[in-house]
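Quick notes on the structure that follows.
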Amino acid sequence: MTGRVLQRINSAVFTDGRNTALWIYLFVVLASICFSVSAETYLPLALPAGLLLVYWTIVDLKSVLFATFFTIPFSTEVELPGGLGLDVPVEPLTIGLLFLFIPWILVNFKKLDSRFLLHPIALFLLLHLAWMGMTTINAANPLISVKFYLSKMWYVGIYLIMTFYFFSA
């Protein structure tokens, strides 16, 4: 079902004689460049790259996961207000993949094999997550504790569960 929907979108947008999506994307790139030059900041240039990443993720989620693996060595920590840190670019990619993986699981639920969750390593990781969840409730600094817990959840969700499904498929 999902494949047919993507085929219809691609055929309607990209095989049209006018290449509507390509012209819209070109306009976004030029507008971002103009705004970046006038505002003297590089931030607007992230919009065209973000649009490409969104399209790439919709078309091929598996290759985005593999690309995320290659960004891990190049990640650097950026300090956020409130004492939090974020490893850029790997953590935003991982969070985005997690939000996309949840609907993917719902669509492909009947095809999934959950026997790997009974493996001792997976059981220990899930037990560890449960224990961290209980200790997060009684933390001295709840904001940092919740962020730490969520980061462990998206690491396990993406790098264990999603990787298993895509490597075994």
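Chain labels follow the order of the structure tokens: the first chain is A, the next B, and so on; residue numbering restarts at 1 in every chain, and ligands are counted from 1 in their shown order.
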Compile the contact shell of stretch 54-63 of chain A as a list of chain:residue names: residues with an atom at most 9 Å away, counting only C-alpha atoms, same-chain residues fewer than 5 positions apart removed.
A:Leu6, A:Ala49, A:Thr68, A:Leu97, A:Leu100, A:Phe101, A:Met162, A:Thr163, A:Phe166
Near stretch 87-89 of chain A, within 12 Å and counting only C-alpha atoms, which residues show up once chain neighbours fewer than 3 positions away are dropped, as an NGL selection string?
:A and (67-80 or 84 or 92-96 or 151)
Grab the residues selected above and save them as a CSV table (one decimal), in the first residue's frame with C-alpha atoms.
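File part11.csv, as written:
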chain,number,residue,atom,x,y,z
A,67,ALA,CA,23.7,7.1,6.8
A,68,THR,CA,23.1,7.9,10.5
A,69,PHE,CA,25.7,5.2,11.4
A,70,PHE,CA,28.3,7.1,9.4
A,71,THR,CA,27.5,10.4,11.1
A,72,ILE,CA,28.3,9.0,14.6
A,73,PRO,CA,32.1,9.6,14.4
A,74,PHE,CA,31.6,13.2,13.2
A,75,SER,CA,29.2,14.2,15.8
A,76,THR,CA,30.1,17.0,18.3
A,77,GLU,CA,28.3,18.0,21.5
A,78,VAL,CA,26.4,21.3,21.5
A,79,GLU,CA,25.5,22.8,24.9
A,80,LEU,CA,21.9,23.8,25.2
A,84,LEU,CA,21.6,19.9,28.5
A,92,PRO,CA,18.6,14.9,15.8
A,93,LEU,CA,18.7,12.2,13.1
A,94,THR,CA,18.1,9.5,15.7
A,95,ILE,CA,15.2,11.4,17.2
A,96,GLY,CA,13.7,11.9,13.7
A,151,SER,CA,18.2,9.5,24.9
Which residues in chain A does DSSP call helix (DSSP H, G or I)? List them as JSON, numbers by chain.
{"A": [2, 3, 4, 5, 6, 7, 8, 9, 10, 11, 12, 13, 20, 21, 22, 23, 24, 25, 26, 27, 28, 29, 30, 31, 32, 33, 34, 35, 36, 37, 38, 39, 43, 44, 45, 46, 47, 48, 49, 50, 51, 52, 53, 54, 55, 56, 57, 58, 59, 61, 62, 63, 64, 65, 66, 67, 68, 69, 70, 71, 72, 73, 74, 90, 91, 92, 93, 94, 95, 96, 97, 98, 99, 100, 101, 102, 103, 104, 105, 106, 107, 109, 110, 111, 115, 116, 117, 118, 120, 121, 122, 123, 124, 125, 126, 127, 128, 129, 130, 131, 132, 133, 134, 135, 136, 137, 142, 143, 144, 145, 146, 147, 148, 149, 150, 151, 152, 153, 154, 155, 156, 157, 158, 159, 160, 161, 162, 163, 164, 165, 166, 167, 168]}
Show which residues sit within 9 Å of stretch 116-128 of chain A, as a PyMOL selection string. Count only C-alpha atoms, and ignore same-chain residues fewer than 4 positions away.
chain A and resi 132-133+156+160-161+164
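The residue that comes closest to A:Leu65, out of A:Leu98, A:Leu86, A:Ala39, A:Leu129 and on the basis of only C-alpha atoms, is A:Leu98.
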Please list as a ChimeraX atom specification every residue within 10 Å of A:Thr135, counting only C-alpha atoms and excluding residues in the same chain fewer than 5 positions away.
/A:129-130,140,145-146,149
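Among the residues of chain A, backbone DSSP assigns strand (DSSP E) to Thr76, Glu77, Val78, Glu79, Leu80, Leu84, Gly85, Leu86, Asp87 and Val88 of chain A.
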What is the distance, in Å and to one decimal place, between atom CA of A:Gly157 and atom CA of A:Leu51?
24.4 Å
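Atom CA of A:Tyr155 is found 19.9 Å from atom CA of A:Asp113.
Atom CA of A:Val29 is positioned 5.7 Å from atom CA of A:Pro48.
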